[in-house]
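Pasting target-v6.pdb here (PDB, C-alpha atoms and all ligand atoms):
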ATOM      1  CA  MET A   1     -85.336  46.466 -12.595  1.00  0.00           C
ATOM      2  CA  THR A   2     -85.282  45.628 -16.303  1.00  0.00           C
ATOM      3  CA  VAL A   3     -82.958  48.446 -17.302  1.00  0.00           C
ATOM      4  CA  LEU A   4     -80.277  47.522 -14.778  1.00  0.00           C
ATOM      5  CA  SER A   5     -80.629  43.849 -15.577  1.00  0.00           C
ATOM      6  CA  GLU A   6     -80.156  44.588 -19.268  1.00  0.00           C
ATOM      7  CA  LEU A   7     -77.137  46.736 -18.477  1.00  0.00           C
ATOM      8  CA  LEU A   8     -75.480  43.956 -16.507  1.00  0.00           C
ATOM      9  CA  ASP A   9     -76.280  41.456 -19.252  1.00  0.00           C
ATOM     10  CA  ALA A  10     -74.675  43.824 -21.751  1.00  0.00           C
ATOM     11  CA  ILE A  11     -71.556  44.123 -19.608  1.00  0.00           C
ATOM     12  CA  ASP A  12     -71.386  40.352 -19.180  1.00  0.00           C
ATOM     13  CA  GLY A  13     -71.845  39.824 -22.917  1.00  0.00           C
ATOM     14  CA  GLY A  14     -69.407  42.514 -23.990  1.00  0.00           C
ATOM     15  CA  ALA A  15     -71.944  44.830 -25.609  1.00  0.00           C
ATOM     16  CA  VAL A  16     -71.055  47.383 -22.940  1.00  0.00           C
ATOM     17  CA  GLU A  17     -67.380  47.706 -22.051  1.00  0.00           C
ATOM     18  CA  VAL A  18     -66.152  49.062 -18.721  1.00  0.00           C
ATOM     19  CA  ILE A  19     -63.055  51.201 -19.255  1.00  0.00           C
ATOM     20  CA  ASP A  20     -60.858  52.337 -16.387  1.00  0.00           C
ATOM     21  CA  LEU A  21     -59.927  56.004 -16.764  1.00  0.00           C
ATOM     22  CA  THR A  22     -57.890  55.961 -13.530  1.00  0.00           C
ATOM     23  CA  ALA A  23     -54.105  56.203 -13.188  1.00  0.00           C
ATOM     24  CA  PRO A  24     -52.536  53.707 -10.738  1.00  0.00           C
ATOM     25  CA  LEU A  25     -51.611  55.290  -7.397  1.00  0.00           C
ATOM     26  CA  THR A  26     -47.974  54.905  -6.391  1.00  0.00           C
ATOM     27  CA  ALA A  27     -45.262  56.981  -4.741  1.00  0.00           C
ATOM     28  CA  GLN A  28     -44.250  57.965  -8.297  1.00  0.00           C
ATOM     29  CA  THR A  29     -47.693  59.295  -9.248  1.00  0.00           C
ATOM     30  CA  PRO A  30     -47.065  62.820 -10.575  1.00  0.00           C
ATOM     31  CA  ILE A  31     -48.161  65.607  -8.217  1.00  0.00           C
ATOM     32  CA  LEU A  32     -48.333  69.348  -8.578  1.00  0.00           C
ATOM     33  CA  THR A  33     -45.335  71.329  -7.311  1.00  0.00           C
ATOM     34  CA  LEU A  34     -46.087  74.955  -6.474  1.00  0.00           C
ATOM     35  CA  PRO A  35     -43.611  77.820  -6.112  1.00  0.00           C
ATOM     36  CA  GLU A  36     -41.733  77.436  -2.826  1.00  0.00           C
ATOM     37  CA  GLN A  37     -43.603  80.155  -0.911  1.00  0.00           C
ATOM     38  CA  PHE A  38     -46.785  78.067  -1.024  1.00  0.00           C
ATOM     39  CA  GLY A  39     -47.839  74.973   0.903  1.00  0.00           C
ATOM     40  CA  GLN A  40     -47.133  71.694  -0.895  1.00  0.00           C
ATOM     41  CA  THR A  41     -48.998  68.434  -1.326  1.00  0.00           C
ATOM     42  CA  VAL A  42     -47.244  65.173  -0.452  1.00  0.00           C
ATOM     43  CA  PRO A  43     -46.635  62.241  -2.797  1.00  0.00           C
ATOM     44  CA  PHE A  44     -48.883  59.233  -2.379  1.00  0.00           C
ATOM     45  CA  GLY A  45     -47.493  56.948   0.322  1.00  0.00           C
ATOM     46  CA  LEU A  46     -48.118  53.434   1.586  1.00  0.00           C
ATOM     47  CA  THR A  47     -46.944  52.352   5.066  1.00  0.00           C
ATOM     48  CA  GLU A  48     -47.260  48.730   6.011  1.00  0.00           C
ATOM     49  CA  ILE A  49     -49.133  47.950   9.234  1.00  0.00           C
ATOM     50  CA  SER A  50     -48.729  44.181   9.054  1.00  0.00           C
ATOM     51  CA  ARG A  51     -48.228  41.481   6.457  1.00  0.00           C
ATOM     52  CA  TYR A  52     -49.037  38.015   7.806  1.00  0.00           C
ATOM     53  CA  ASP A  53     -46.401  38.511  10.471  1.00  0.00           C
ATOM     54  CA  GLU A  54     -46.076  39.153  14.205  1.00  0.00           C
ATOM     55  CA  ARG A  55     -47.823  42.491  13.705  1.00  0.00           C
ATOM     56  CA  GLY A  56     -50.837  40.674  12.323  1.00  0.00           C
ATOM     57  CA  PRO A  57     -50.415  36.986  11.536  1.00  0.00           C
ATOM     58  CA  ALA A  58     -53.365  36.481   9.199  1.00  0.00           C
ATOM     59  CA  TRP A  59     -53.718  39.879   7.569  1.00  0.00           C
ATOM     60  CA  TYR A  60     -52.028  42.428   5.355  1.00  0.00           C
ATOM     61  CA  TRP A  61     -52.920  46.117   5.456  1.00  0.00           C
ATOM     62  CA  ASN A  62     -51.410  49.560   5.066  1.00  0.00           C
ATOM     63  CA  ASN A  63     -51.882  53.134   6.097  1.00  0.00           C
ATOM     64  CA  ILE A  64     -52.005  55.508   3.173  1.00  0.00           C
ATOM     65  CA  SER A  65     -50.907  59.112   2.978  1.00  0.00           C
ATOM     66  CA  THR A  66     -52.019  61.320   0.149  1.00  0.00           C
ATOM     67  CA  GLY A  67     -53.033  64.790  -0.818  1.00  0.00           C
ATOM     68  CA  GLU A  68     -56.624  65.279  -1.879  1.00  0.00           C
ATOM     69  CA  HIS A  69     -55.394  66.315  -5.322  1.00  0.00           C
ATOM     70  CA  THR A  70     -53.167  63.345  -6.113  1.00  0.00           C
ATOM     71  CA  GLY A  71     -53.372  61.176  -9.195  1.00  0.00           C
ATOM     72  CA  THR A  72     -56.730  60.802 -10.873  1.00  0.00           C
ATOM     73  CA  HIS A  73     -58.854  63.040  -8.672  1.00  0.00           C
ATOM     74  CA  PHE A  74     -61.980  65.119  -8.317  1.00  0.00           C
ATOM     75  CA  ASP A  75     -61.986  68.892  -7.689  1.00  0.00           C
ATOM     76  CA  ALA A  76     -64.978  70.057  -5.614  1.00  0.00           C
ATOM     77  CA  PRO A  77     -66.293  73.630  -5.825  1.00  0.00           C
ATOM     78  CA  ILE A  78     -64.890  74.499  -2.381  1.00  0.00           C
ATOM     79  CA  HIS A  79     -61.348  73.850  -3.714  1.00  0.00           C
ATOM     80  CA  TRP A  80     -61.175  77.401  -5.100  1.00  0.00           C
ATOM     81  CA  VAL A  81     -61.804  80.699  -3.361  1.00  0.00           C
ATOM     82  CA  THR A  82     -64.476  81.484  -5.951  1.00  0.00           C
ATOM     83  CA  GLY A  83     -66.374  78.395  -4.761  1.00  0.00           C
ATOM     84  CA  ARG A  84     -65.672  78.780  -1.046  1.00  0.00           C
ATOM     85  CA  GLY A  85     -69.390  78.775  -0.193  1.00  0.00           C
ATOM     86  CA  GLY A  86     -70.025  75.749  -2.404  1.00  0.00           C
ATOM     87  CA  ASP A  87     -70.057  72.016  -1.888  1.00  0.00           C
ATOM     88  CA  ASP A  88     -67.173  70.146  -0.349  1.00  0.00           C
ATOM     89  CA  VAL A  89     -66.399  66.785  -1.920  1.00  0.00           C
ATOM     90  CA  SER A  90     -68.693  64.914   0.492  1.00  0.00           C
ATOM     91  CA  GLN A  91     -71.603  67.168  -0.456  1.00  0.00           C
ATOM     92  CA  VAL A  92     -71.466  66.593  -4.210  1.00  0.00           C
ATOM     93  CA  PRO A  93     -74.796  64.908  -5.030  1.00  0.00           C
ATOM     94  CA  ALA A  94     -74.265  61.229  -5.824  1.00  0.00           C
ATOM     95  CA  ASP A  95     -76.446  61.388  -8.915  1.00  0.00           C
ATOM     96  CA  ARG A  96     -74.019  63.903 -10.441  1.00  0.00           C
ATOM     97  CA  LEU A  97     -71.269  61.289 -10.220  1.00  0.00           C
ATOM     98  CA  VAL A  98     -72.908  59.277 -12.999  1.00  0.00           C
ATOM     99  CA  ALA A  99     -73.005  61.352 -16.167  1.00  0.00           C
ATOM    100  CA  ARG A 100     -72.646  61.441 -19.926  1.00  0.00           C
ATOM    101  CA  ALA A 101     -69.331  62.392 -21.483  1.00  0.00           C
ATOM    102  CA  ALA A 102     -68.300  64.298 -24.575  1.00  0.00           C
ATOM    103  CA  VAL A 103     -64.714  63.520 -25.611  1.00  0.00           C
ATOM    104  CA  LEU A 104     -62.892  66.250 -27.526  1.00  0.00           C
ATOM    105  CA  ASP A 105     -59.669  64.961 -29.029  1.00  0.00           C
ATOM    106  CA  PHE A 106     -56.878  67.506 -29.443  1.00  0.00           C
ATOM    107  CA  THR A 107     -53.995  65.047 -29.241  1.00  0.00           C
ATOM    108  CA  ALA A 108     -52.476  66.212 -32.531  1.00  0.00           C
ATOM    109  CA  GLU A 109     -52.677  69.867 -31.571  1.00  0.00           C
ATOM    110  CA  ALA A 110     -51.100  69.237 -28.140  1.00  0.00           C
ATOM    111  CA  ALA A 111     -48.327  67.186 -29.744  1.00  0.00           C
ATOM    112  CA  ALA A 112     -47.537  70.066 -32.088  1.00  0.00           C
ATOM    113  CA  ASP A 113     -47.834  72.700 -29.334  1.00  0.00           C
ATOM    114  CA  PRO A 114     -47.643  71.616 -25.675  1.00  0.00           C
ATOM    115  CA  ASP A 115     -49.097  75.000 -24.664  1.00  0.00           C
ATOM    116  CA  PHE A 116     -52.178  74.362 -26.817  1.00  0.00           C
ATOM    117  CA  LEU A 117     -55.314  75.984 -25.391  1.00  0.00           C
ATOM    118  CA  LEU A 118     -58.845  74.854 -26.154  1.00  0.00           C
ATOM    119  CA  GLN A 119     -60.934  77.747 -27.494  1.00  0.00           C
ATOM    120  CA  VAL A 120     -64.695  78.290 -27.730  1.00  0.00           C
ATOM    121  CA  ASP A 121     -64.440  77.928 -31.519  1.00  0.00           C
ATOM    122  CA  HIS A 122     -62.950  74.451 -31.085  1.00  0.00           C
ATOM    123  CA  VAL A 123     -65.909  73.405 -28.971  1.00  0.00           C
ATOM    124  CA  ARG A 124     -68.374  74.993 -31.408  1.00  0.00           C
ATOM    125  CA  ALA A 125     -66.779  73.100 -34.306  1.00  0.00           C
ATOM    126  CA  TRP A 126     -66.976  69.860 -32.314  1.00  0.00           C
ATOM    127  CA  GLU A 127     -70.668  70.543 -31.599  1.00  0.00           C
ATOM    128  CA  ARG A 128     -71.397  71.069 -35.298  1.00  0.00           C
ATOM    129  CA  GLU A 129     -70.040  67.594 -35.964  1.00  0.00           C
ATOM    130  CA  HIS A 130     -71.276  65.698 -32.896  1.00  0.00           C
ATOM    131  CA  GLY A 131     -74.164  67.689 -31.452  1.00  0.00           C
ATOM    132  CA  PRO A 132     -74.440  69.806 -28.333  1.00  0.00           C
ATOM    133  CA  LEU A 133     -72.382  69.154 -25.210  1.00  0.00           C
ATOM    134  CA  PRO A 134     -74.355  66.870 -22.882  1.00  0.00           C
ATOM    135  CA  ALA A 135     -76.508  68.626 -20.294  1.00  0.00           C
ATOM    136  CA  GLY A 136     -75.342  67.516 -16.879  1.00  0.00           C
ATOM    137  CA  GLY A 137     -72.377  65.739 -18.461  1.00  0.00           C
ATOM    138  CA  TRP A 138     -68.620  66.070 -18.682  1.00  0.00           C
ATOM    139  CA  LEU A 139     -66.428  67.641 -21.306  1.00  0.00           C
ATOM    140  CA  LEU A 140     -63.409  65.330 -21.434  1.00  0.00           C
ATOM    141  CA  PHE A 141     -60.445  67.094 -23.036  1.00  0.00           C
ATOM    142  CA  ARG A 142     -58.137  64.559 -24.648  1.00  0.00           C
ATOM    143  CA  THR A 143     -54.560  65.684 -25.280  1.00  0.00           C
ATOM    144  CA  GLY A 144     -52.531  62.460 -25.325  1.00  0.00           C
ATOM    145  CA  TRP A 145     -50.900  63.587 -22.085  1.00  0.00           C
ATOM    146  CA  ASP A 146     -51.803  60.306 -20.389  1.00  0.00           C
ATOM    147  CA  ALA A 147     -48.979  58.648 -22.356  1.00  0.00           C
ATOM    148  CA  ARG A 148     -46.538  60.711 -20.264  1.00  0.00           C
ATOM    149  CA  SER A 149     -47.980  59.913 -16.850  1.00  0.00           C
ATOM    150  CA  GLY A 150     -45.360  57.250 -16.051  1.00  0.00           C
ATOM    151  CA  ASP A 151     -42.575  59.837 -16.422  1.00  0.00           C
ATOM    152  CA  PRO A 152     -42.984  62.807 -14.038  1.00  0.00           C
ATOM    153  CA  ALA A 153     -40.530  64.989 -15.975  1.00  0.00           C
ATOM    154  CA  ALA A 154     -42.234  64.407 -19.316  1.00  0.00           C
ATOM    155  CA  TYR A 155     -45.605  64.835 -17.635  1.00  0.00           C
ATOM    156  CA  ALA A 156     -44.662  68.243 -16.142  1.00  0.00           C
ATOM    157  CA  ASN A 157     -42.802  69.120 -19.382  1.00  0.00           C
ATOM    158  CA  ASN A 158     -40.924  72.100 -17.884  1.00  0.00           C
ATOM    159  CA  GLY A 159     -44.094  74.092 -17.373  1.00  0.00           C
ATOM    160  CA  HIS A 160     -45.595  73.512 -20.794  1.00  0.00           C
ATOM    161  CA  THR A 161     -48.830  71.513 -20.700  1.00  0.00           C
ATOM    162  CA  PRO A 162     -52.084  72.007 -22.604  1.00  0.00           C
ATOM    163  CA  GLY A 163     -55.226  73.523 -21.154  1.00  0.00           C
ATOM    164  CA  ILE A 164     -58.214  75.750 -21.759  1.00  0.00           C
ATOM    165  CA  SER A 165     -58.262  79.451 -22.625  1.00  0.00           C
ATOM    166  CA  VAL A 166     -59.769  82.025 -20.273  1.00  0.00           C
ATOM    167  CA  GLU A 167     -62.598  82.760 -22.701  1.00  0.00           C
ATOM    168  CA  CYS A 168     -63.370  79.068 -23.184  1.00  0.00           C
ATOM    169  CA  ALA A 169     -63.264  78.384 -19.436  1.00  0.00           C
ATOM    170  CA  ARG A 170     -65.695  81.271 -18.904  1.00  0.00           C
ATOM    171  CA  TRP A 171     -67.980  79.936 -21.612  1.00  0.00           C
ATOM    172  CA  LEU A 172     -67.871  76.410 -20.190  1.00  0.00           C
ATOM    173  CA  ALA A 173     -68.596  77.752 -16.702  1.00  0.00           C
ATOM    174  CA  GLU A 174     -71.351  80.195 -17.562  1.00  0.00           C
ATOM    175  CA  ARG A 175     -72.931  79.052 -20.817  1.00  0.00           C
ATOM    176  CA  ALA A 176     -72.321  75.366 -21.442  1.00  0.00           C
ATOM    177  CA  PRO A 177     -74.694  72.841 -19.811  1.00  0.00           C
ATOM    178  CA  ILE A 178     -71.859  70.609 -18.547  1.00  0.00           C
ATOM    179  CA  ILE A 179     -71.175  69.728 -14.895  1.00  0.00           C
ATOM    180  CA  GLY A 180     -67.433  69.877 -15.332  1.00  0.00           C
ATOM    181  CA  ILE A 181     -64.321  69.170 -17.322  1.00  0.00           C
ATOM    182  CA  GLY A 182     -61.992  66.209 -17.265  1.00  0.00           C
ATOM    183  CA  VAL A 183     -58.365  66.331 -18.391  1.00  0.00           C
ATOM    184  CA  GLU A 184     -55.310  64.083 -18.734  1.00  0.00           C
ATOM    185  CA  THR A 185     -52.894  66.601 -17.190  1.00  0.00           C
ATOM    186  CA  VAL A 186     -52.055  67.086 -13.494  1.00  0.00           C
ATOM    187  CA  GLY A 187     -54.691  69.828 -13.126  1.00  0.00           C
ATOM    188  CA  THR A 188     -57.562  71.209 -15.161  1.00  0.00           C
ATOM    189  CA  ASP A 189     -55.602  74.340 -16.071  1.00  0.00           C
ATOM    190  CA  ALA A 190     -52.675  74.711 -18.456  1.00  0.00           C
ATOM    191  CA  ALA A 191     -49.247  74.870 -16.817  1.00  0.00           C
ATOM    192  CA  ALA A 192     -48.974  78.498 -17.941  1.00  0.00           C
ATOM    193  CA  ALA A 193     -52.329  79.439 -16.367  1.00  0.00           C
ATOM    194  CA  HIS A 194     -50.722  81.116 -13.334  1.00  0.00           C
ATOM    195  CA  SER A 195     -50.134  84.083 -15.648  1.00  0.00           C
ATOM    196  CA  PHE A 196     -53.639  84.138 -17.175  1.00  0.00           C
ATOM    197  CA  ASP A 197     -56.283  86.725 -16.200  1.00  0.00           C
ATOM    198  CA  PRO A 198     -57.857  85.458 -14.053  1.00  0.00           C
ATOM    199  CA  PRO A 199     -55.131  83.027 -13.008  1.00  0.00           C
ATOM    200  CA  PHE A 200     -56.123  79.344 -13.240  1.00  0.00           C
ATOM    201  CA  PRO A 201     -59.382  80.135 -15.089  1.00  0.00           C
ATOM    202  CA  CYS A 202     -60.721  76.569 -15.100  1.00  0.00           C
ATOM    203  CA  HIS A 203     -60.413  76.444 -11.328  1.00  0.00           C
ATOM    204  CA  ALA A 204     -61.652  79.994 -10.747  1.00  0.00           C
ATOM    205  CA  LEU A 205     -64.549  80.005 -13.189  1.00  0.00           C
ATOM    206  CA  LEU A 206     -65.841  76.424 -13.232  1.00  0.00           C
ATOM    207  CA  LEU A 207     -65.537  75.700  -9.506  1.00  0.00           C
ATOM    208  CA  GLY A 208     -67.030  79.134  -8.848  1.00  0.00           C
ATOM    209  CA  ALA A 209     -70.021  78.082 -10.975  1.00  0.00           C
ATOM    210  CA  ASP A 210     -70.655  74.906  -8.907  1.00  0.00           C
ATOM    211  CA  LYS A 211     -68.980  72.747 -11.530  1.00  0.00           C
ATOM    212  CA  TYR A 212     -66.262  70.131 -11.078  1.00  0.00           C
ATOM    213  CA  GLY A 213     -62.887  69.008 -12.314  1.00  0.00           C
ATOM    214  CA  LEU A 214     -61.477  65.557 -13.029  1.00  0.00           C
ATOM    215  CA  THR A 215     -57.761  65.265 -13.621  1.00  0.00           C
ATOM    216  CA  GLN A 216     -55.079  62.824 -14.698  1.00  0.00           C
ATOM    217  CA  LEU A 217     -57.520  60.681 -16.632  1.00  0.00           C
ATOM    218  CA  GLN A 218     -56.198  58.006 -18.945  1.00  0.00           C
ATOM    219  CA  ASN A 219     -57.593  55.786 -21.695  1.00  0.00           C
ATOM    220  CA  LEU A 220     -59.743  58.571 -23.148  1.00  0.00           C
ATOM    221  CA  SER A 221     -58.528  57.226 -26.518  1.00  0.00           C
ATOM    222  CA  ARG A 222     -60.843  54.273 -25.936  1.00  0.00           C
ATOM    223  CA  LEU A 223     -63.965  56.435 -25.645  1.00  0.00           C
ATOM    224  CA  PRO A 224     -66.194  57.554 -28.517  1.00  0.00           C
ATOM    225  CA  PRO A 225     -66.793  61.301 -29.003  1.00  0.00           C
ATOM    226  CA  THR A 226     -70.310  60.885 -27.610  1.00  0.00           C
ATOM    227  CA  GLY A 227     -72.284  58.184 -25.830  1.00  0.00           C
ATOM    228  CA  ALA A 228     -69.948  57.154 -23.011  1.00  0.00           C
ATOM    229  CA  VAL A 229     -71.141  57.268 -19.406  1.00  0.00           C
ATOM    230  CA  VAL A 230     -68.677  58.296 -16.695  1.00  0.00           C
ATOM    231  CA  LEU A 231     -68.828  57.040 -13.114  1.00  0.00           C
ATOM    232  CA  ALA A 232     -66.627  59.197 -10.892  1.00  0.00           C
ATOM    233  CA  GLY A 233     -65.993  57.971  -7.345  1.00  0.00           C
ATOM    234  CA  PRO A 234     -64.277  60.500  -5.070  1.00  0.00           C
ATOM    235  CA  LEU A 235     -64.129  59.640  -1.369  1.00  0.00           C
ATOM    236  CA  PRO A 236     -66.717  61.556   0.669  1.00  0.00           C
ATOM    237  CA  ILE A 237     -64.123  63.424   2.761  1.00  0.00           C
ATOM    238  CA  VAL A 238     -66.156  65.707   5.030  1.00  0.00           C
ATOM    239  CA  GLY A 239     -64.876  69.229   4.474  1.00  0.00           C
ATOM    240  CA  GLY A 240     -62.604  67.933   1.715  1.00  0.00           C
ATOM    241  CA  SER A 241     -61.687  70.050  -1.299  1.00  0.00           C
ATOM    242  CA  GLY A 242     -61.279  67.034  -3.529  1.00  0.00           C
ATOM    243  CA  SER A 243     -60.302  63.403  -3.464  1.00  0.00           C
ATOM    244  CA  PRO A 244     -58.464  60.764  -5.393  1.00  0.00           C
ATOM    245  CA  ALA A 245     -61.159  59.050  -7.429  1.00  0.00           C
ATOM    246  CA  ARG A 246     -61.710  55.839  -9.304  1.00  0.00           C
ATOM    247  CA  VAL A 247     -63.183  56.933 -12.602  1.00  0.00           C
ATOM    248  CA  LEU A 248     -64.802  54.396 -14.914  1.00  0.00           C
ATOM    249  CA  ALA A 249     -66.512  54.756 -18.259  1.00  0.00           C
ATOM    250  CA  LEU A 250     -69.226  52.598 -19.805  1.00  0.00           C
ATOM    251  CA  VAL A 251     -69.036  52.361 -23.589  1.00  0.00           C
ATOM    252  CA  GLU A 252     -71.357  50.566 -25.982  1.00  0.00           C
ATOM    253  CA  ARG A 253     -69.598  48.281 -28.471  1.00  0.00           C
TER     254      ARG A 253
HETATM  255 MN    MN B   1     -57.177  69.277  -8.128  1.00  0.00          MN
END
Can you present the structure in this file as structure tokens?
Amino acid sequence: MTVLSELLDAIDGGAVEVIDLTAPLTAQTPILTLPEQFGQTVPFGLTEISRYDERGPAWYWNNISTGEHTGTHFDAPIHWVTGRGGDDVSQVPADRLVARAAVLDFTAEAAADPDFLLQVDHVRAWEREHGPLPAGGWLLFRTGWDARSGDPAAYANNGHTPGISVECARWLAERAPIIGIGVETVGTDAAAAHSFDPPFPCHALLLGADKYGLTQLQNLSRLPPTGAVVLAGPLPIVGGSGSPARVLALVER
């Protein structure tokens, strides 16, 4: 077990840093609101069962209520109709939850244009500088949107949030060797993606290609463009379409 021992020594000594990419879960955690004709997810909720009192003198615990797609979360292929025959979140192979990450930083572009869309040419240019996207790894799309996550109105931004173009989503689904994309926004698609063709292309094309989504990530600014390892931990909800997830990154210093 030399490799694991060396890894733990590196973490203990600071040569490998563990970075939390997860947003805290509270009742204020931003959630998606759909047009009123559709079913809605609920905010995260915490209901006290007992707190060292007559309901339980020596223990504190809560019931939680949450949607599967609340806060930092994992989208499984079965989430979208294009992936309906695919894996639910409990069926995602565990070894795919530990993967390399490429971090593409478009913070400046998203600040200048909140409807900024990542294009294939952007990814190609990144690859010329940093090398190919990692096989079996994540494309993490940094937009600076995590800075807004404490303010639901700024986070939703009146329906203007950055995302990925239809052509780029198709390319990432069908041609790129990645297992999925991770974003800082409430979902993997741009806010305007309901009007794209197909609608919600990241969901439709990537999940339909047995790939995954990670959303509402934070601290991507602390990751290098290449070399980080992501550990994504969705709950194994049997039949689940996704799950809140603790997402960590390992970075060499
Ligand atoms: Mn989702």
Selection as a list in words: residues within 12 Å of (-41.8, 55.0, -6.7), counting all atoms listed in the file =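 Output: Pro24, Leu25, Thr26, Ala27, Gln28, Thr29, Pro30, Pro43, Phe44, Gly45, Leu46, Gly150, Asp151 and Pro152 of chain A.
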I want to know what sits within 10 Å of Asp113 in chain A, based on all atoms listed in the file, with residues of the same chain fewer than 6 positions away left out; could you give that as a PDB file with C-alpha atoms, in the coordinates of the input?
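Once written, out23.pdb looks like this:
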ATOM      1  CA  THR A 107     -53.995  65.047 -29.241  1.00  0.00           C
ATOM      2  CA  HIS A 160     -45.595  73.512 -20.794  1.00  0.00           C
ATOM      3  CA  THR A 161     -48.830  71.513 -20.700  1.00  0.00           C
ATOM      4  CA  PRO A 162     -52.084  72.007 -22.604  1.00  0.00           C
TER       5      PRO A 162
END
inquiry  = Nearest residue to His130 in chain A out of A:Met1, A:Gly180, A:Lys211, A:Gly227, using only C-alpha atoms?
reply    =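 Smallest distance to His130 in chain A is found for A:Gly227.
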inquiry  = Residues near His122 in chain A, anyone? I mean within 12 Å using all atoms listed in the file, not counting same-chain ones fewer than 4 positions away, as JSON, numbers by chain.
reply    = {"A": [104, 105, 106, 109, 116, 117, 118, 126, 127, 128, 129, 141, 164, 165, 167, 168]}
When the PyMOL selection byres (((not hetatm)) within 6 of (chain B and resi 1)) is applied to the structure above, which residues does it catch, written out as a PDB file with C-alpha atoms, in the coordinates of the input?
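See expr13.pdb below for the written result:
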ATOM      1  CA  HIS A  69     -55.394  66.315  -5.322  1.00  0.00           C
ATOM      2  CA  ASP A  75     -61.986  68.892  -7.689  1.00  0.00           C
ATOM      3  CA  GLY A 187     -54.691  69.828 -13.126  1.00  0.00           C
TER       4      GLY A 187
END
inquiry  = As an exercise, work out the distance from CA of Pro201 in chain A to CA of Glu184 in chain A in Å and give it to one decimal place.
reply    =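 Interatomic distance here is 17.0 Å.
Candidate residues A:His79, A:Arg246, A:His194, A:Arg148 were compared for distance to Asp210 in chain A, and the nearest is A:His79, using all atoms listed in the file.
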inquiry  = I need the residue nearest Ile237 in chain A from this list: A:Gly131, A:Gly67, A:Pro177, A:Gly182. Use only C-alpha atoms for the distance.
reply    =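 Going through A:Gly131, A:Gly67, A:Pro177, A:Gly182 one by one, the smallest distance to Ile237 in chain A is for A:Gly67.
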task = List the residues selected by the PyMOL selection byres (((chain A and resi 204) around 12) and not hetatm) in the file shown, writing them as a VMD selection string.
result = chain A and resid 75 to 84 166 169 to 170 172 to 174 188 to 189 193 to 194 196 to 203 205 to 213
task = Determine the residue membership of the PyMOL selection byres (((chain A and resi 8-16) around 9) and not hetatm) for the file above and supply it as a list in words.
result =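 Expected selection for the PyMOL selection byres (((chain A and resi 8-16) around 9) and not hetatm) here is Val3, Leu4, Ser5, Glu6, Leu7, Glu17, Val18, Leu250, Val251, Glu252 and Arg253 of chain A.
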inquiry  = Here is a test: counting all atoms listed in the file, which residue of A:Arg142, A:Arg51, A:Ala190, A:Ala176 is nearest to Val120 in chain A?
reply    =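 When distances to Val120 in chain A are compared using all atoms listed in the file, the smallest one comes from A:Ala176.
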request  = Could you tell me how far CA of Tyr155 in chain A lies from CA of Thr143 in chain A, in Å and to one decimal?
outcome  = 11.8 Å
Padded axis-aligned box of range 218-226 of chain A (8 Å per side), centre and edge lengths, Å, one decimal, as AutoDock Vina command-line options:
--center_x -63.3 --center_y 57.8 --center_z -24.0 --size_x 30.1 --size_y 23.0 --size_z 26.1
